[in-house]
>>> print(open('entry_12.pdb').read())   # PDB, C-alpha atoms
ATOM      1  CA  MET R   1      31.886  22.382  -5.178
ATOM      2  CA  LEU R   2      32.689  22.111  -1.478
ATOM      3  CA  LYS R   3      32.739  25.901  -1.308
ATOM      4  CA  TYR R   4      29.051  26.153  -2.171
ATOM      5  CA  VAL R   5      27.647  22.785  -1.025
ATOM      6  CA  HIS R   6      27.593  22.416   2.753
ATOM      7  CA  ARG R   7      27.208  19.071   4.489
ATOM      8  CA  PRO R   8      25.014  19.473   7.592
ATOM      9  CA  THR R   9      25.947  18.494  11.114
ATOM     10  CA  LEU R  10      24.402  15.115  11.915
ATOM     11  CA  SER R  11      22.828  14.540  15.321
ATOM     12  CA  ARG R  12      20.733  11.841  17.013
ATOM     13  CA  ILE R  13      17.666  12.697  19.146
ATOM     14  CA  GLU R  14      16.802   9.894  21.580
ATOM     15  CA  TYR R  15      13.419   9.329  23.221
ATOM     16  CA  GLU R  16      11.729   6.719  25.390
ATOM     17  CA  PRO R  17       9.719   4.280  23.228
ATOM     18  CA  SER R  18       5.991   3.996  23.879
ATOM     19  CA  ASP R  19       4.630   1.207  26.057
ATOM     20  CA  GLN R  20       2.790  -1.221  23.761
ATOM     21  CA  ASN R  21       0.824  -2.577  26.752
ATOM     22  CA  ASP R  22      -0.528   0.866  27.678
ATOM     23  CA  SER R  23      -4.307   0.660  28.216
ATOM     24  CA  LYS R  24      -4.684   4.005  26.365
ATOM     25  CA  ALA R  25      -7.155   5.140  29.038
ATOM     26  CA  SER R  26      -5.442   8.557  29.214
ATOM     27  CA  SER R  27      -7.148   9.400  25.910
ATOM     28  CA  ARG R  28     -10.903   9.593  26.530
ATOM     29  CA  ALA R  29     -11.738   9.628  22.839
ATOM     30  CA  LEU R  30      -9.508   6.668  22.004
ATOM     31  CA  SER R  31     -10.885   4.630  24.911
ATOM     32  CA  CYS R  32     -14.392   5.255  23.610
ATOM     33  CA  LEU R  33     -13.391   4.375  20.040
ATOM     34  CA  LEU R  34     -11.802   1.097  21.190
ATOM     35  CA  GLU R  35     -14.963   0.254  23.109
ATOM     36  CA  ILE R  36     -17.002   0.851  19.952
ATOM     37  CA  CYS R  37     -14.685  -1.547  18.096
ATOM     38  CA  ARG R  38     -15.142  -4.167  20.816
ATOM     39  CA  THR R  39     -18.911  -3.799  20.528
ATOM     40  CA  HIS R  40     -18.694  -4.431  16.788
ATOM     41  CA  ARG R  41     -16.144  -7.215  17.305
ATOM     42  CA  ILE R  42     -13.523  -5.543  15.143
ATOM     43  CA  GLN R  43      -9.981  -6.841  15.461
ATOM     44  CA  LEU R  44      -7.309  -4.141  15.406
ATOM     45  CA  GLY R  45      -3.707  -4.798  14.401
ATOM     46  CA  THR R  46      -2.503  -8.121  15.795
ATOM     47  CA  HIS R  47      -4.656  -7.934  18.927
ATOM     48  CA  THR R  48      -8.117  -9.479  19.167
ATOM     49  CA  ILE R  49     -10.651  -7.058  20.594
ATOM     50  CA  ASP R  50     -12.883  -9.842  21.941
ATOM     51  CA  PRO R  51     -10.605 -12.810  22.823
ATOM     52  CA  THR R  52     -13.433 -14.587  24.702
ATOM     53  CA  SER R  53     -15.441 -15.131  21.539
ATOM     54  CA  GLN R  54     -15.325 -18.784  20.390
ATOM     55  CA  MET R  55     -15.787 -17.671  16.797
ATOM     56  CA  GLU R  56     -12.888 -15.212  17.089
ATOM     57  CA  GLN R  57     -10.713 -17.933  18.633
ATOM     58  CA  LEU R  58     -11.573 -20.210  15.721
ATOM     59  CA  PHE R  59     -10.574 -17.574  13.196
ATOM     60  CA  GLN R  60      -7.400 -16.913  15.208
ATOM     61  CA  SER R  61      -6.416 -20.591  15.300
ATOM     62  CA  GLN R  62      -7.057 -21.019  11.570
ATOM     63  CA  GLN R  63      -5.342 -17.722  10.755
ATOM     64  CA  ILE R  64      -8.532 -16.533   9.065
ATOM     65  CA  ARG R  65     -10.243 -13.204   9.604
ATOM     66  CA  PRO R  66     -13.994 -12.649   9.230
ATOM     67  CA  GLN R  67     -14.803 -10.459   6.240
ATOM     68  CA  ARG R  68     -15.447  -6.918   7.416
ATOM     69  CA  THR R  69     -18.310  -4.877   6.023
ATOM     70  CA  ARG R  70     -17.545  -1.506   4.430
ATOM     71  CA  LEU R  71     -18.723   0.241   7.590
ATOM     72  CA  GLU R  72     -16.547  -1.950   9.794
ATOM     73  CA  ASN R  73     -13.632  -1.303   7.466
ATOM     74  CA  HIS R  74     -14.006   2.452   8.017
ATOM     75  CA  LEU R  75     -13.935   1.905  11.779
ATOM     76  CA  PHE R  76     -10.998  -0.496  11.525
ATOM     77  CA  LYS R  77      -8.792   1.944   9.586
ATOM     78  CA  PHE R  78      -9.888   4.935  11.656
ATOM     79  CA  ALA R  79      -9.115   3.169  14.952
ATOM     80  CA  ASN R  80      -5.714   1.919  13.764
ATOM     81  CA  LYS R  81      -4.753   5.449  12.692
ATOM     82  CA  ALA R  82      -5.858   6.766  16.085
ATOM     83  CA  ILE R  83      -3.772   4.124  17.898
ATOM     84  CA  HIS R  84      -0.739   5.092  15.814
ATOM     85  CA  ILE R  85      -1.265   8.772  16.656
ATOM     86  CA  TYR R  86      -1.562   7.908  20.356
ATOM     87  CA  GLU R  87       1.658   5.877  20.390
ATOM     88  CA  GLU R  88       3.633   8.412  18.359
ATOM     89  CA  LEU R  89       2.292  11.719  19.670
ATOM     90  CA  GLY R  90       0.402  11.031  22.893
ATOM     91  CA  PRO R  91      -3.122  11.248  24.416
ATOM     92  CA  TRP R  92      -3.853  14.872  23.473
ATOM     93  CA  ALA R  93      -2.996  14.173  19.845
ATOM     94  CA  ALA R  94      -5.220  11.062  19.753
ATOM     95  CA  ASP R  95      -8.157  13.038  21.160
ATOM     96  CA  TYR R  96      -7.562  15.816  18.640
ATOM     97  CA  PHE R  97      -7.346  13.415  15.698
ATOM     98  CA  ILE R  98     -10.512  11.525  16.615
ATOM     99  CA  LEU R  99     -12.687  14.515  17.527
ATOM    100  CA  GLU R 100     -11.587  16.645  14.577
ATOM    101  CA  SER R 101     -12.114  13.739  12.166
ATOM    102  CA  ILE R 102     -15.676  13.236  13.396
ATOM    103  CA  ALA R 103     -16.384  16.980  13.202
ATOM    104  CA  LEU R 104     -15.089  17.001   9.630
ATOM    105  CA  LEU R 105     -17.231  13.985   8.782
ATOM    106  CA  GLU R 106     -20.287  15.863  10.081
ATOM    107  CA  SER R 107     -19.516  19.060   8.204
ATOM    108  CA  ARG R 108     -19.055  17.580   4.733
ATOM    109  CA  HIS R 109     -22.028  16.639   2.624
ATOM    110  CA  ASP R 110     -20.440  16.193  -0.777
ATOM    111  CA  LEU R 111     -18.876  12.787  -0.247
ATOM    112  CA  GLY R 112     -18.252  11.859  -3.864
ATOM    113  CA  THR R 113     -14.474  12.334  -3.778
ATOM    114  CA  ASP R 114     -13.447  13.200  -0.259
ATOM    115  CA  MET R 115     -14.791  10.557   2.025
ATOM    116  CA  PHE R 116     -16.523   7.502   0.642
ATOM    117  CA  ALA R 117     -16.370   6.078  -2.842
ATOM    118  CA  GLY R 118     -19.646   6.683  -4.633
ATOM    119  CA  GLY R 119     -20.857   9.297  -2.150
ATOM    120  CA  ARG R 120     -22.717   6.854   0.100
ATOM    121  CA  ASN R 121     -24.539   9.136   2.516
ATOM    122  CA  GLY R 122     -26.151   6.141   4.207
ATOM    123  CA  GLU R 123     -22.698   4.957   5.279
ATOM    124  CA  ARG R 124     -21.867   8.412   6.546
ATOM    125  CA  ALA R 125     -25.045   8.582   8.644
ATOM    126  CA  SER R 126     -24.493   5.082  10.036
ATOM    127  CA  LEU R 127     -20.881   5.819  10.894
ATOM    128  CA  LEU R 128     -21.799   9.060  12.650
ATOM    129  CA  ARG R 129     -24.528   7.284  14.607
ATOM    130  CA  ILE R 130     -21.980   4.727  15.811
ATOM    131  CA  LEU R 131     -19.287   7.284  16.639
ATOM    132  CA  ASN R 132     -21.482   9.796  18.480
ATOM    133  CA  GLN R 133     -21.275   7.993  21.804
ATOM    134  CA  GLY R 134     -19.763   8.879  25.190
ATOM    135  CA  PRO R 135     -16.807  11.279  24.885
ATOM    136  CA  LEU R 136     -17.334  11.296  21.107
ATOM    137  CA  ALA R 137     -20.840  12.772  21.373
ATOM    138  CA  ARG R 138     -21.060  16.385  20.237
ATOM    139  CA  GLU R 139     -21.834  17.809  23.705
ATOM    140  CA  ASN R 140     -18.828  16.000  25.263
ATOM    141  CA  ARG R 141     -16.162  17.010  22.762
ATOM    142  CA  SER R 142     -13.491  18.930  24.593
ATOM    143  CA  LEU R 143      -9.717  18.630  24.341
ATOM    144  CA  GLN R 144      -7.604  18.318  27.460
ATOM    145  CA  ASP R 145      -5.759  21.483  28.484
ATOM    146  CA  ASN R 146      -2.776  19.672  29.990
ATOM    147  CA  PHE R 147      -1.338  18.634  26.591
ATOM    148  CA  LEU R 148      -0.324  15.090  27.490
ATOM    149  CA  ILE R 149       2.246  14.209  24.830
ATOM    150  CA  SER R 150       4.557  11.293  24.116
ATOM    151  CA  SER R 151       8.227  11.199  25.074
ATOM    152  CA  LYS R 152       8.997  11.432  21.368
ATOM    153  CA  VAL R 153       7.147  14.732  20.913
ATOM    154  CA  ASP R 154       8.552  16.047  24.180
ATOM    155  CA  ARG R 155      12.121  15.472  22.922
ATOM    156  CA  LEU R 156      11.263  17.016  19.565
ATOM    157  CA  ILE R 157       9.911  20.163  21.226
ATOM    158  CA  SER R 158      13.010  20.435  23.447
ATOM    159  CA  PHE R 159      15.211  20.170  20.360
ATOM    160  CA  LEU R 160      13.251  22.739  18.349
ATOM    161  CA  ARG R 161      13.150  25.232  21.240
ATOM    162  CA  ASN R 162      16.943  25.481  21.097
ATOM    163  CA  GLU R 163      16.934  26.462  17.418
ATOM    164  CA  ASP R 164      17.096  30.019  16.106
ATOM    165  CA  HIS R 165      13.403  30.422  15.336
ATOM    166  CA  GLU R 166      13.762  33.674  13.407
ATOM    167  CA  GLN R 167      16.397  32.270  11.048
ATOM    168  CA  CYS R 168      15.008  28.767  10.822
ATOM    169  CA  SER R 169      14.134  27.268   7.472
ATOM    170  CA  GLY R 170      13.272  23.673   8.267
ATOM    171  CA  LEU R 171      11.699  20.403   7.183
ATOM    172  CA  LEU R 172      10.268  17.803   9.545
ATOM    173  CA  PHE R 173       9.814  14.397   7.873
ATOM    174  CA  VAL R 174       7.269  11.902   9.256
ATOM    175  CA  ARG R 175       6.091   8.532   7.965
ATOM    176  CA  GLN R 176       2.282   8.798   7.921
ATOM    177  CA  ARG R 177      -0.044  11.456   6.523
ATOM    178  CA  ALA R 178      -2.224  11.282   9.644
ATOM    179  CA  THR R 179       0.801  12.193  11.771
ATOM    180  CA  VAL R 180       1.407  15.241   9.581
ATOM    181  CA  SER R 181      -2.177  16.408  10.099
ATOM    182  CA  VAL R 182      -1.895  16.321  13.905
ATOM    183  CA  LEU R 183       1.739  17.257  14.505
ATOM    184  CA  CYS R 184       1.281  20.568  12.676
ATOM    185  CA  PRO R 185      -1.418  21.989  15.013
ATOM    186  CA  LEU R 186       0.281  20.421  18.045
ATOM    187  CA  LEU R 187       3.543  22.286  17.392
ATOM    188  CA  SER R 188       1.608  25.458  16.607
ATOM    189  CA  ILE R 189      -0.318  25.627  19.888
ATOM    190  CA  HIS R 190       1.682  23.667  22.473
ATOM    191  CA  PRO R 191       2.573  26.118  25.308
ATOM    192  CA  ARG R 192       6.288  25.257  25.277
ATOM    193  CA  ILE R 193       6.747  26.119  21.620
ATOM    194  CA  LYS R 194       3.734  28.245  20.663
ATOM    195  CA  GLY R 195       4.698  31.217  18.484
ATOM    196  CA  CYS R 196       8.173  29.902  17.686
ATOM    197  CA  PHE R 197       7.387  28.412  14.287
ATOM    198  CA  GLU R 198       5.003  29.067  11.443
ATOM    199  CA  CYS R 199       4.115  25.518  10.440
ATOM    200  CA  ALA R 200       2.747  24.154   7.178
ATOM    201  CA  THR R 201       2.107  20.683   5.782
ATOM    202  CA  PHE R 202       2.994  18.800   2.606
ATOM    203  CA  VAL R 203       2.025  15.220   1.792
ATOM    204  CA  GLY R 204       1.837  15.231  -2.010
ATOM    205  CA  MET R 205      -1.139  14.236  -4.112
ATOM    206  CA  SER R 206      -1.821  10.509  -3.822
ATOM    207  CA  ASN R 207      -3.414   8.635  -6.694
ATOM    208  CA  ASN R 208      -4.317   5.737  -4.439
ATOM    209  CA  ALA R 209      -8.028   5.212  -4.892
ATOM    210  CA  ALA R 210      -8.221   3.219  -1.660
ATOM    211  CA  LYS R 211      -7.813   6.433   0.299
ATOM    212  CA  ASN R 212     -11.248   7.510  -0.903
ATOM    213  CA  ASN R 213     -12.792   4.554   0.914
ATOM    214  CA  THR R 214     -11.925   5.689   4.428
ATOM    215  CA  MET R 215     -12.723   8.612   6.690
ATOM    216  CA  ALA R 216     -11.408  11.903   5.390
ATOM    217  CA  GLU R 217      -7.996  13.164   6.393
ATOM    218  CA  LEU R 218      -7.607  16.410   8.292
ATOM    219  CA  LEU R 219      -5.348  17.804   5.583
ATOM    220  CA  ASP R 220      -6.505  20.316   3.004
ATOM    221  CA  LEU R 221      -4.692  19.005  -0.066
ATOM    222  CA  LYS R 222      -5.647  22.078  -2.113
ATOM    223  CA  ALA R 223      -4.086  24.435   0.434
ATOM    224  CA  GLN R 224      -0.765  22.588   0.371
ATOM    225  CA  SER R 225      -0.103  23.983  -3.114
ATOM    226  CA  GLU R 226       0.586  27.283  -1.362
ATOM    227  CA  THR R 227       2.960  25.730   1.164
ATOM    228  CA  LEU R 228       6.126  25.900  -0.930
ATOM    229  CA  ALA R 229       5.442  29.475  -2.050
ATOM    230  CA  GLU R 230       4.907  30.552   1.562
ATOM    231  CA  PHE R 231       8.083  28.724   2.569
ATOM    232  CA  ARG R 232      10.115  30.524  -0.112
ATOM    233  CA  ALA R 233       8.601  33.855   0.987
ATOM    234  CA  ARG R 234       9.502  32.960   4.626
ATOM    235  CA  ARG R 235       5.901  33.304   5.761
ATOM    236  CA  LYS R 236       6.277  29.666   6.868
ATOM    237  CA  ASN R 237       9.514  28.364   8.359
ATOM    238  CA  LEU R 238       8.776  24.724   9.216
ATOM    239  CA  ILE R 239       7.175  22.261   6.797
ATOM    240  CA  ILE R 240       5.925  18.979   8.244
ATOM    241  CA  ALA R 241       5.993  16.511   5.366
ATOM    242  CA  THR R 242       5.973  12.886   4.272
ATOM    243  CA  ASP R 243       8.593  11.426   1.936
ATOM    244  CA  ALA R 244       6.753  13.166  -0.929
ATOM    245  CA  LEU R 245       9.128  16.087  -0.313
ATOM    246  CA  GLU R 246      12.332  14.033  -0.449
ATOM    247  CA  GLU R 247      12.994  14.509  -4.150
ATOM    248  CA  GLY R 248      11.583  15.803  -7.410
ATOM    249  CA  ILE R 249      10.237  19.059  -5.963
ATOM    250  CA  ASP R 250      12.189  22.290  -6.068
ATOM    251  CA  ILE R 251      12.406  23.745  -2.583
ATOM    252  CA  THR R 252      14.463  26.443  -0.941
ATOM    253  CA  ALA R 253      17.652  25.183   0.729
ATOM    254  CA  CYS R 254      17.051  24.525   4.434
ATOM    255  CA  ASN R 255      19.222  24.959   7.507
ATOM    256  CA  LEU R 256      17.343  22.331   9.529
ATOM    257  CA  VAL R 257      16.029  18.889   8.588
ATOM    258  CA  VAL R 258      14.562  16.576  11.242
ATOM    259  CA  CYS R 259      13.472  12.978  10.676
ATOM    260  CA  PHE R 260      10.695  12.179  13.149
ATOM    261  CA  ASP R 261      11.058   8.579  11.962
ATOM    262  CA  PRO R 262      14.395   7.136  10.752
ATOM    263  CA  PRO R 263      14.809   7.157   6.960
ATOM    264  CA  PRO R 264      13.785   3.744   5.579
ATOM    265  CA  ASN R 265      16.956   3.301   3.497
ATOM    266  CA  LEU R 266      20.242   4.883   2.441
ATOM    267  CA  LYS R 267      18.701   6.649  -0.560
ATOM    268  CA  SER R 268      16.152   8.362   1.677
ATOM    269  CA  PHE R 269      18.896   9.283   4.170
ATOM    270  CA  ILE R 270      20.979  10.974   1.451
ATOM    271  CA  GLN R 271      18.014  12.745  -0.138
ATOM    272  CA  ARG R 272      16.719  14.164   3.142
ATOM    273  CA  ARG R 273      20.163  15.264   4.245
ATOM    274  CA  GLY R 274      20.611  16.927   0.853
ATOM    275  CA  ARG R 275      17.719  19.288   1.651
ATOM    276  CA  ALA R 276      19.843  20.902   4.384
ATOM    277  CA  ARG R 277      22.173  22.773   2.035
ATOM    278  CA  GLN R 278      22.645  26.056   3.866
ATOM    279  CA  GLU R 279      25.893  26.809   5.648
ATOM    280  CA  LYS R 280      26.010  25.544   9.250
ATOM    281  CA  SER R 281      22.825  23.515   8.765
ATOM    282  CA  LYS R 282      21.665  20.597  10.926
ATOM    283  CA  PHE R 283      20.323  17.146  10.093
ATOM    284  CA  ALA R 284      18.731  15.315  13.047
ATOM    285  CA  ILE R 285      17.213  11.848  13.258
ATOM    286  CA  MET R 286      14.999  10.599  16.086
ATOM    287  CA  PHE R 287      15.619   7.113  17.505
ATOM    288  CA  PRO R 288      14.335   5.153  20.523
ATOM    289  CA  ARG R 289      16.810   5.307  23.396
ATOM    290  CA  ASN R 290      19.961   3.187  22.922
ATOM    291  CA  GLU R 291      19.167   2.641  19.252
ATOM    292  CA  GLY R 292      20.362   4.318  16.096
ATOM    293  CA  ALA R 293      24.121   4.548  16.566
ATOM    294  CA  SER R 294      24.768   1.363  14.565
ATOM    295  CA  LYS R 295      22.245   2.421  11.921
ATOM    296  CA  LEU R 296      23.934   5.775  11.408
ATOM    297  CA  GLU R 297      27.321   4.110  11.179
ATOM    298  CA  SER R 298      26.054   1.609   8.598
ATOM    299  CA  TRP R 299      24.663   4.469   6.479
ATOM    300  CA  ARG R 300      27.996   6.290   6.670
ATOM    301  CA  THR R 301      29.837   3.111   5.632
ATOM    302  CA  LEU R 302      27.498   2.428   2.711
ATOM    303  CA  GLU R 303      27.707   6.023   1.568
ATOM    304  CA  GLN R 304      31.504   5.921   1.628
ATOM    305  CA  LYS R 305      31.453   2.750  -0.470
ATOM    306  CA  LEU R 306      29.168   4.483  -2.984
ATOM    307  CA  ILE R 307      31.556   7.429  -3.157
ATOM    308  CA  GLU R 308      34.547   5.136  -3.662
ATOM    309  CA  ALA R 309      32.728   3.166  -6.383
ATOM    310  CA  TYR R 310      31.785   6.405  -8.157
ATOM    311  CA  GLN R 311      35.336   7.749  -7.913
ATOM    312  CA  SER R 312      36.717   4.442  -9.236
ATOM    313  CA  GLU R 313      34.343   4.580 -12.208
ATOM    314  CA  MET R 314      35.304   8.181 -12.923
ATOM    315  CA  ARG R 315      38.988   7.217 -12.824
ATOM    316  CA  GLN R 316      38.351   4.481 -15.395
ATOM    317  CA  ILE R 317      36.548   6.957 -17.651
ATOM    318  CA  ARG R 318      39.458   9.416 -17.364
ATOM    319  CA  ASP R 319      41.979   6.633 -18.086
ATOM    320  CA  LEU R 320      40.075   5.579 -21.210
ATOM    321  CA  ALA R 321      39.880   9.191 -22.359
ATOM    322  CA  ALA R 322      43.650   9.551 -21.849
ATOM    323  CA  ILE R 323      44.299   6.397 -23.886
ATOM    324  CA  GLU R 324      42.142   7.732 -26.707
ATOM    325  CA  ASP R 325      44.073  11.006 -26.654
ATOM    326  CA  ASP R 326      47.362   9.087 -26.963
ATOM    327  CA  VAL R 327      46.264   7.067 -30.004
ATOM    328  CA  GLU R 328      48.398   8.035 -33.006
ATOM    329  CA  VAL R 329      46.380   9.227 -35.998
ATOM    330  CA  VAL R 330      47.865   7.947 -39.275
ATOM    331  CA  PRO R 331      47.319  10.330 -42.231
ATOM    332  CA  GLY R 332      45.677   9.049 -45.378
ATOM    333  CA  LYS R 333      42.827   6.639 -45.880
ATOM    334  CA  LEU R 334      42.186   2.935 -46.289
ATOM    335  CA  GLU R 335      40.047   1.900 -49.258
ATOM    336  CA  VAL R 336      38.793  -1.607 -50.102
ATOM    337  CA  ARG R 337      37.881  -1.752 -53.783
ATOM    338  CA  SER R 338      35.421  -4.667 -53.474
ATOM    339  CA  THR R 339      33.240  -2.768 -51.053
ATOM    340  CA  GLY R 340      33.819   0.740 -52.318
TER     341      GLY R 340
END
>>> encode(input="entry_12.pdb", output="structure tokens")
Amino acid sequence: MLKYVHRPTLSRIEYEPSDQNDSKASSRALSCLLEICRTHRIQLGTHTIDPTSQMEQLFQSQQIRPQRTRLENHLFKFANKAIHIYEELGPWAADYFILESIALLESRHDLGTDMFAGGRNGERASLLRILNQGPLARENRSLQDNFLISSKVDRLISFLRNEDHEQCSGLLFVRQRATVSVLCPLLSIHPRIKGCFECATFVGMSNNAAKNNTMAELLDLKAQSETLAEFRARRKNLIIATDALEEGIDITACNLVVCFDPPPNLKSFIQRRGRARQEKSKFAIMFPRNEGASKLESWRTLEQKLIEAYQSEMRQIRDLAAIEDDVEVVPGKLEVRSTG
């Protein structure tokens, strides 16, 4: 088995964590979106957009939140996704996510399944009217050319640049679908890595009806059905995916697996590592600086305990089988007349 199954080399990629107190002003689109949320008094995450409001302070003190309308709920989820993209990928990525999402919202007219439950065109028009302000207005939509990216993406690009691009067959696991939708174009066009990889995306097919109640994703879920075929044919050599690709889907053995976010548990760690089955393959996990060493060691320890428990169970099965083989078989038969 060891002759044909190759355990990959494990490495840790460290990056500087994002500053949670960053004003996010370096992303024009995100700054505008946050201002829109302030205007509509929408609270994002754990931070109150309008802390001066007596009503908001009352809700805060009583740990109650005002009920959001459907329209406000769209803005709330959209803004939180954009903040996550900013913190994970950087200002350019946040601008791209926001502007492309609005452009997609404008271009789609059949909203029955893709964007809003029930195809509510009035909601779509109202949302577009709110969003088309400042840098988000159609005439102002332009992406920055300087590609301001996060430390995390910068370290990822540096790592990928050192790989053999022509021979690469890799998977890049991320936590959120929105991150998949932005990281793919970013790695495809960023000047430091442009032309090195043919990227594709895979997020699975979610049955969560709640997803139909928010702004559309930038992912073409129908096109992803071709991703695995293109990967096998080597027309694509780097799939950016969520945990939907961890198990249950047949995929060509890889020589590179990168976890943009640490695996959530030991099972995920083992499954992702198991995708890197080629000889001399690599398995890399990204961690904030000075973190991760203890986590990796704990996974190794737990895995070793699992192996030892499995081997102990197998020994018991072999011992029982040996005992059964040693049992003497007495010829003849035993018959009880009363029972036949």
>>> residues_around(input="entry_12.pdb", residues="Lys194 in chain R", least_positions_apart="6", cutoff="12 Å", atoms="all atoms listed in the file", output="VMD selection string")
chain R and resid 157 160 to 161 165 184 to 188
>>> residues_around(input="entry_12.pdb", residues="Glu88 in chain R", least_positions_apart="4", cutoff="8 Å", atoms="all atoms listed in the file", output="list in words")
Ser18, His84, Ser150, Lys152 and Val153 of chain R
>>> write_last_selection(input="entry_12.pdb", atoms="C-alpha atoms", output="PDB file, in the coordinates of the input")
ATOM      1  CA  SER R  18       5.991   3.996  23.879  1.00  0.00           C
ATOM      2  CA  HIS R  84      -0.739   5.092  15.814  1.00  0.00           C
ATOM      3  CA  SER R 150       4.557  11.293  24.116  1.00  0.00           C
ATOM      4  CA  LYS R 152       8.997  11.432  21.368  1.00  0.00           C
ATOM      5  CA  VAL R 153       7.147  14.732  20.913  1.00  0.00           C
TER       6      VAL R 153
END
>>> residues_near_point(input="entry_12.pdb", point="(-19.9, -2.5, 23.3)", cutoff="12 Å", atoms="all atoms listed in the file", output="ChimeraX atom specification")
/R:31-42,49-50,130-131,133-134
>>> resolve_selection(input="entry_12.pdb", expression="the PyMOL selection byres ((chain R and resi 143) around 8)", output="JSON, numbers by chain")
{"R": [92, 95, 96, 141, 142, 144, 145]}
>>> residues_around(input="entry_12.pdb", residues="range 267-281 of chain R", least_positions_apart="6", cutoff="9 Å", atoms="only C-alpha atoms", output="PyMOL selection string")
chain R and resi 4-10+170-171+173+243+245-247+251-259+299+303
>>> axis_aligned_box(input="entry_12.pdb", around="range 29-40 of chain R", padding_each_side="3 Å", output="AutoDock Vina command-line options")
--center_x -14.2 --center_y 2.6 --center_z 20.8 --size_x 15.4 --size_y 20.1 --size_z 14.1
>>> atom_distance(input="entry_12.pdb", atom1="CA of Asn290 in chain R", atom2="CA of Arg12 in chain R")
10.5 Å
>>> closest_residue(input="entry_12.pdb", among="R:Leu128, R:Ala241, R:Leu266, R:Leu302", to="His74 in chain R", atoms="all atoms listed in the file")
R:Leu128
>>> atom_distance(input="entry_12.pdb", atom1="CA of Asn146 in chain R", atom2="CA of Ile240 in chain R")
23.4 Å
>>> atom_distance(input="entry_12.pdb", atom1="CA of Ile239 in chain R", atom2="CA of Ala293 in chain R")
26.4 Å
>>> resolve_selection(input="entry_12.pdb", expression="the PyMOL selection byres ((chain R and resi 197) around 7)", output="PyMOL selection string")
chain R and resi 165+188+195-196+198-199+237-238
>>> closest_residue(input="entry_12.pdb", among="R:Ile193, R:Ser101, R:Ser107, R:Ala309", to="Leu219 in chain R", atoms="all atoms listed in the file")
R:Ser101
